[in-house]
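Engineer: I have a structure I would like to understand better, so I am pasting it below and will then ask my questions one at a time.
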Amino acid sequence: MSGAVFRVAAGGCVRGEIEVPGDKSVSHRALLLGGIAEGTTEVEGFLESEDCLATLNAMRAMGVAVERPSPGRVVIDGVGLHGLQAPPGPLAMGNAGTAMRLSMGLLAGQAFDATLSGDASLSSRPMERVAAPLRLMGARIDTTDGHAPVRIHGRAQLTAIDYDLAVPSAQVKSAILLAGLYAAGVTAVTEHAVTRDHTERMLRAFGVAVDRTGERVSIAGGQRLHGGPIRVPGDISSAAFFLVAAALAAEGTFVIRDVGVNPTRTGVIDILTLMGADIRVTNLRLAGDEPVADLELRAGELKGIEVPRALVPRAIDEFPVLFVAAAAARGTTLVSGAAELRVKESDRIAVMAAGLRTLGIEADQRPDGLRIVGGQLGSGAVDSHGDHRVAMAFAIAALKARGALEIRDVANVATSFPGFASIARHAGLAIEEVR
Ligand code: S3P
């Protein structure tokens with residue numbers, strides 16, 4: 001628990017235009033793939049957040065030279081598929097689930113042992129979902145009762161598997177595909193719900209053949225990666241806070257520029273649109289291997305909905321702020337099929353329900369979701385439980401609250417969105433961070 005808090009005055013509006021920092025998922029992948037590529041990978045728009053810096057430090061600890069010549073620019077001198085070296089000690093992944101889970105896949109095929117550790121939150125999150133399929137490939141991995149620290153033993157001979165993804169998870173899929181680079185044969189993953197496909201797109205950008213047939217994605221082992229330029233789009237998961245802010249309280253047209261709109265990530269736009277939000281996707285273009293657009297928003301009255309289950313995996317990180325939208329909407333919102341929210345950086349169903357109830361909103365937990373009755377948000381103090389997205393979601397709630405909000409334990413906002421408070425202030429929120 002950290003002492004940092006957000007204090008946010010009630011009401012106000014958002015106006016003008018903003019940009020949000022680079023995409024977290026894409027930034028992690030640029031480091032991991034750039035590290036094992038041949039040649040130089042120049043990354044622009046890199047997210048300089050604590051989570052991504054954990055991956056950066058891990059790659060450096062394994063002998064990859066990574067330079068940071070200017071803000072948002074990272075230059076990776078790839079060591080090739082078999083060029084990583086044993087790290088001198090445990091690789092500390094902090095709060096970063098993506099760093100830990102994708103690294104497990106990468107490390108499964110190395111010639112050395114490594115240990116991955118995390119903070120208290122990461123050490124409580126499930127790791128067997130990654131370890132189990134990797135063991136089927138021949139990896140030797142010990143978890144600590146299913147959690148971090150995770151020990152990966154080197155010199156395993158990996159063989160391809162054909163894996164049916166029971167949990168819709170891009171991290172699990174990506175770990176298997178990364179291990180597949182080191183496996184004999186063609187590794188395949190079949191997913192029954194759409195999960196983000198940044199790994200597949202970036203592997204292709206590095207010259208790797210990745211096949212996608214319907215729900216099945218496959219990769220032949222032994223393929224070499226070739227470094228090149230990577231352009232990281234703005235993170236739609238960070239933009240989501242301002243999508244909701246604008247839907248609730250934009251003055252005129254509010255614009256968020258250069259946001260990644262990969263169709264596996266745009267569930268938040270679809271859900272808010274179903275709730276009645278006025279969102280226009282303009283200036284759609286390709287930036288490297290990812291689609292990017294400007295988002296134009298106007299305020300309007302939101303209504304409660306039953307969120308279609310198929311949209312849940314495509315908006316999985318956006319539920320904290322979507323719950324705030326539901327609390328400020330007219331009528332009842334029901335989210336189900338979202339049990340994954342219980343094993344994110346916090347139990348986001350329990351933590352959001354508790355915070356919303358503190359603010360006087362009716363919020364009933366279900367095992368796999370939440371039922372929220374929209375109403376007048378009150379005022380007072382809510383605890384983020386160290387969860388970055390919960391902290392930012394409640395900051396946005398202040399726009400519709402009766403009185404000021406204090407949000408506690410917010411230091412982890414820096415894991416995904418450094419500079420959130422100043423961008424929020426620029427947009428119009430009366431927010432200050434007090435340490
Ligand atoms: C991510 C995948 C998602 C998401 C996480 C980032 C990724 O997790 O929640 O924030 O970069 O692959 P799961 O793979 O557990 O669904």
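Chain identifiers are assigned as A, B, and so on, following the order in which chains appear in the structure tokens; residues are numbered from 1 within each chain, and ligands are numbered from 1 in order of appearance.
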At a cut-off of 9 Å and counting only C-alpha atoms and all ligand atoms, what residues surround ligand 1? Please answer as a count of residues only.
Structural biologist: 36
Engineer: Skip Ala339 in chain A itself and residues of its chain fewer than 5 positions away, then list as a ChimeraX atom specification all residues within 12 Å of it, counting only C-alpha atoms.
Structural biologist: /A:167-168,309,312-313,316,319,344,347-350,365-370
Engineer: Store the residues picked out above in a file with N, CA, C and O atoms, as a PDB file, in the first residue's frame.
Structural biologist:
```pdb
ATOM      1  N   VAL A 167      -8.943 -20.611 -21.251  1.00  0.00           N
ATOM      2  CA  VAL A 167      -9.148 -19.251 -20.748  1.00  0.00           C
ATOM      3  C   VAL A 167      -8.857 -18.295 -21.903  1.00  0.00           C
ATOM      4  O   VAL A 167      -7.795 -18.398 -22.511  1.00  0.00           O
ATOM      5  N   PRO A 168      -9.764 -17.382 -22.223  1.00  0.00           N
ATOM      6  CA  PRO A 168      -9.414 -16.437 -23.300  1.00  0.00           C
ATOM      7  C   PRO A 168      -8.322 -15.500 -22.814  1.00  0.00           C
ATOM      8  O   PRO A 168      -8.580 -14.578 -22.054  1.00  0.00           O
ATOM      9  N   ARG A 309     -21.836 -10.765 -24.074  1.00  0.00           N
ATOM     10  CA  ARG A 309     -20.673 -11.528 -23.598  1.00  0.00           C
ATOM     11  C   ARG A 309     -19.531 -11.550 -24.602  1.00  0.00           C
ATOM     12  O   ARG A 309     -18.363 -11.572 -24.225  1.00  0.00           O
ATOM     13  N   VAL A 312     -16.822  -8.989 -24.130  1.00  0.00           N
ATOM     14  CA  VAL A 312     -16.041  -8.916 -22.879  1.00  0.00           C
ATOM     15  C   VAL A 312     -14.533  -9.079 -23.106  1.00  0.00           C
ATOM     16  O   VAL A 312     -13.752  -8.224 -22.662  1.00  0.00           O
ATOM     17  N   PRO A 313     -14.059 -10.128 -23.801  1.00  0.00           N
ATOM     18  CA  PRO A 313     -12.593 -10.245 -23.959  1.00  0.00           C
ATOM     19  C   PRO A 313     -11.988  -9.076 -24.729  1.00  0.00           C
ATOM     20  O   PRO A 313     -10.828  -8.738 -24.524  1.00  0.00           O
ATOM     21  N   ILE A 316     -11.483  -6.260 -21.974  1.00  0.00           N
ATOM     22  CA  ILE A 316     -11.265  -6.828 -20.639  1.00  0.00           C
ATOM     23  C   ILE A 316     -10.591  -5.847 -19.676  1.00  0.00           C
ATOM     24  O   ILE A 316     -10.915  -5.838 -18.481  1.00  0.00           O
ATOM     25  N   PHE A 319     -13.040  -2.546 -18.015  1.00  0.00           N
ATOM     26  CA  PHE A 319     -14.230  -2.634 -17.160  1.00  0.00           C
ATOM     27  C   PHE A 319     -14.223  -1.707 -15.958  1.00  0.00           C
ATOM     28  O   PHE A 319     -15.292  -1.180 -15.606  1.00  0.00           O
ATOM     29  N   LYS A 344      -7.193  -9.971 -12.170  1.00  0.00           N
ATOM     30  CA  LYS A 344      -6.356  -8.903 -12.751  1.00  0.00           C
ATOM     31  C   LYS A 344      -5.485  -8.306 -11.634  1.00  0.00           C
ATOM     32  O   LYS A 344      -5.280  -8.937 -10.609  1.00  0.00           O
ATOM     33  N   ASP A 347      -8.893  -7.861  -7.643  1.00  0.00           N
ATOM     34  CA  ASP A 347     -10.185  -8.459  -7.997  1.00  0.00           C
ATOM     35  C   ASP A 347     -11.087  -7.288  -8.401  1.00  0.00           C
ATOM     36  O   ASP A 347     -11.687  -6.620  -7.562  1.00  0.00           O
ATOM     37  N   ARG A 348     -11.124  -7.023  -9.695  1.00  0.00           N
ATOM     38  CA  ARG A 348     -11.766  -5.780 -10.155  1.00  0.00           C
ATOM     39  C   ARG A 348     -13.276  -5.798  -9.983  1.00  0.00           C
ATOM     40  O   ARG A 348     -13.904  -4.726 -10.008  1.00  0.00           O
ATOM     41  N   ILE A 349     -13.869  -6.954  -9.825  1.00  0.00           N
ATOM     42  CA  ILE A 349     -15.312  -7.004  -9.558  1.00  0.00           C
ATOM     43  C   ILE A 349     -15.542  -6.557  -8.114  1.00  0.00           C
ATOM     44  O   ILE A 349     -16.340  -5.651  -7.842  1.00  0.00           O
ATOM     45  N   ALA A 350     -14.817  -7.161  -7.180  1.00  0.00           N
ATOM     46  CA  ALA A 350     -15.010  -6.845  -5.756  1.00  0.00           C
ATOM     47  C   ALA A 350     -14.590  -5.409  -5.444  1.00  0.00           C
ATOM     48  O   ALA A 350     -15.296  -4.682  -4.739  1.00  0.00           O
ATOM     49  N   GLN A 365     -22.313  -7.844  -6.791  1.00  0.00           N
ATOM     50  CA  GLN A 365     -21.355  -8.762  -7.401  1.00  0.00           C
ATOM     51  C   GLN A 365     -22.034 -10.047  -7.838  1.00  0.00           C
ATOM     52  O   GLN A 365     -22.900 -10.563  -7.150  1.00  0.00           O
ATOM     53  N   ARG A 366     -21.597 -10.584  -8.955  1.00  0.00           N
ATOM     54  CA  ARG A 366     -21.924 -11.937  -9.401  1.00  0.00           C
ATOM     55  C   ARG A 366     -20.579 -12.667  -9.493  1.00  0.00           C
ATOM     56  O   ARG A 366     -19.537 -12.015  -9.608  1.00  0.00           O
ATOM     57  N   PRO A 367     -20.584 -13.994  -9.490  1.00  0.00           N
ATOM     58  CA  PRO A 367     -19.283 -14.673  -9.609  1.00  0.00           C
ATOM     59  C   PRO A 367     -18.516 -14.211 -10.854  1.00  0.00           C
ATOM     60  O   PRO A 367     -17.300 -14.073 -10.813  1.00  0.00           O
ATOM     61  N   ASP A 368     -19.242 -13.939 -11.926  1.00  0.00           N
ATOM     62  CA  ASP A 368     -18.569 -13.598 -13.183  1.00  0.00           C
ATOM     63  C   ASP A 368     -18.924 -12.206 -13.679  1.00  0.00           C
ATOM     64  O   ASP A 368     -18.830 -11.938 -14.873  1.00  0.00           O
ATOM     65  N   GLY A 369     -19.316 -11.321 -12.784  1.00  0.00           N
ATOM     66  CA  GLY A 369     -19.634  -9.977 -13.267  1.00  0.00           C
ATOM     67  C   GLY A 369     -20.234  -9.089 -12.205  1.00  0.00           C
ATOM     68  O   GLY A 369     -20.040  -9.310 -11.000  1.00  0.00           O
ATOM     69  N   LEU A 370     -20.948  -8.086 -12.675  1.00  0.00           N
ATOM     70  CA  LEU A 370     -21.450  -7.052 -11.775  1.00  0.00           C
ATOM     71  C   LEU A 370     -22.745  -6.498 -12.357  1.00  0.00           C
ATOM     72  O   LEU A 370     -22.876  -6.340 -13.580  1.00  0.00           O
TER      73      LEU A 370
END
```
Engineer: Please provide the set of residues having any atom within 7 Å of range 116-125 of chain A, restricted to only C-alpha atoms, with same-chain residues fewer than 2 positions apart removed, written as a PDB file with C-alpha atoms, in the first residue's frame.
Structural biologist:
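result_38.pdb was written with the following content:
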```pdb
ATOM      1  CA  PRO A  90      16.019 -13.136 -10.571  1.00  0.00           C
ATOM      2  CA  LEU A  91      14.178 -11.038 -13.139  1.00  0.00           C
ATOM      3  CA  ALA A  92      11.900  -8.646 -11.223  1.00  0.00           C
ATOM      4  CA  MET A  93       8.665  -8.124 -13.139  1.00  0.00           C
ATOM      5  CA  GLY A  94       7.002  -5.780 -10.613  1.00  0.00           C
ATOM      6  CA  ASN A  95       3.265  -5.478 -11.237  1.00  0.00           C
ATOM      7  CA  ALA A  96       3.464  -6.607 -14.878  1.00  0.00           C
ATOM      8  CA  GLY A  97       1.472  -9.720 -15.780  1.00  0.00           C
ATOM      9  CA  MET A 100       5.962 -12.280 -16.569  1.00  0.00           C
ATOM     10  CA  ALA A 114      15.951 -18.122 -14.852  1.00  0.00           C
ATOM     11  CA  MET A 127       0.675 -18.636 -13.511  1.00  0.00           C
ATOM     12  CA  HIS A 147       2.141 -18.383  -8.579  1.00  0.00           C
ATOM     13  CA  ALA A 148       5.347 -16.370  -8.809  1.00  0.00           C
ATOM     14  CA  PRO A 149       8.191 -16.731  -8.170  1.00  0.00           C
ATOM     15  CA  VAL A 150       8.430 -18.904 -11.256  1.00  0.00           C
ATOM     16  CA  ARG A 151      11.565 -20.931 -11.976  1.00  0.00           C
ATOM     17  CA  VAL A 343      -7.577 -12.200 -11.319  1.00  0.00           C
ATOM     18  CA  GLU A 345      -4.116  -6.486 -10.824  1.00  0.00           C
ATOM     19  CA  SER A 346      -6.861  -6.643  -8.177  1.00  0.00           C
TER      20      SER A 346
END
```
Engineer: Using only C-alpha atoms, which residues sit within 12 Å of Ala132 in chain A once same-chain residues fewer than 2 positions away are excluded, as a PyMOL selection string?
Structural biologist: chain A and resi 101+104-105+108+126-130+134-143+146+161+163+165-166+172+175-176
Engineer: Leaving out range 405-410 of chain A and any residue of its chain fewer than 5 positions from it, which residues lie within 10 Å of it when counting only C-alpha atoms, given as JSON, numbers by chain?
Structural biologist: {"A": [1, 2, 3, 4, 5, 6, 7, 8, 9, 10, 355, 359, 378, 379, 380, 381, 382, 383, 384, 385, 386, 387, 388, 389, 390, 391, 392, 393, 394, 395, 396, 397, 398, 399, 431, 432, 433, 434, 435]}
Engineer: List every residue of range 187-270 of chain A that has an atom at most 10 Å from any atom of range 47-65 of chain A, and for each one report the closest atom pair and its distance in Å to one decimal, counting only C-alpha atoms, with rows sorted by chain and then by increasing residue number, as CSV.
Structural biologist:
```
residue,atom,partner,partner_atom,distance
A:Val232,CA,A:Leu47,CA,8.1
A:Pro233,CA,A:Leu47,CA,9.6
A:Gly234,CA,A:Leu47,CA,8.8
A:Asp235,CA,A:Leu47,CA,8.8
```
Engineer: Provide the CA of Gly109 in chain A to CA of Arg155 in chain A distance in Å, to one decimal place.
Structural biologist: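 Straight-line distance from CA of Gly109 in chain A to CA of Arg155 in chain A works out to 7.2 Å.
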Engineer: Write out as a list of chain:residue names each polymer residue whose atoms come within 10 Å of Val74 in chain A, counting only C-alpha atoms; drop sequence neighbours fewer than 4 positions from it.
Structural biologist: A:Ser27, A:Ala30, A:Leu31, A:Thr41, A:Glu42, A:Val43, A:Glu44, A:Gly45, A:Phe46, A:Leu47, A:Glu48, A:Leu56, A:Val66, A:Glu67, A:Arg68, A:Pro69, A:Ser70, A:Ile230
Engineer: Those same residues - C-alpha atoms - I'd like them written as a short mmCIF file (atom, residue, chain, number, x, y, z; two decimals), in the first residue's frame.
Structural biologist:
```
data_model
loop_
_atom_site.label_atom_id
_atom_site.label_comp_id
_atom_site.auth_asym_id
_atom_site.auth_seq_id
_atom_site.Cartn_x
_atom_site.Cartn_y
_atom_site.Cartn_z
CA SER A 27 5.62 -1.91 -26.03
CA ALA A 30 8.61 -4.75 -29.11
CA LEU A 31 11.24 -5.38 -26.43
CA THR A 41 14.80 -2.58 -33.82
CA GLU A 42 13.91 1.09 -33.45
CA VAL A 43 10.78 1.67 -31.44
CA GLU A 44 8.86 4.95 -31.53
CA GLY A 45 6.03 5.80 -29.15
CA PHE A 46 7.32 3.31 -26.55
CA LEU A 47 5.39 3.43 -23.26
CA GLU A 48 7.84 4.45 -20.56
CA LEU A 56 13.29 -3.59 -20.65
CA VAL A 66 18.75 -1.37 -25.21
CA GLU A 67 19.22 2.36 -25.61
CA ARG A 68 16.75 5.13 -24.86
CA PRO A 69 18.01 8.08 -26.95
CA SER A 70 14.97 10.32 -26.32
CA ILE A 230 8.15 -0.40 -34.78
#
```
Engineer: When distances are computed from only C-alpha atoms, which of A:Val217, A:Ala179, A:Leu377, A:Ala363 shows the smallest separation from Glu191 in chain A?
Structural biologist: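 Selected residue with least distance to Glu191 in chain A: A:Val217.
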Engineer: Using only C-alpha atoms, which protein or nucleic acid residues come within 12 Å of Asp278 in chain A? Drop anything in the same chain fewer than 5 positions from it, and give the result as number ranges by chain.
Structural biologist: A: 243-244, 246-250, 252-255, 269-273, 295-302
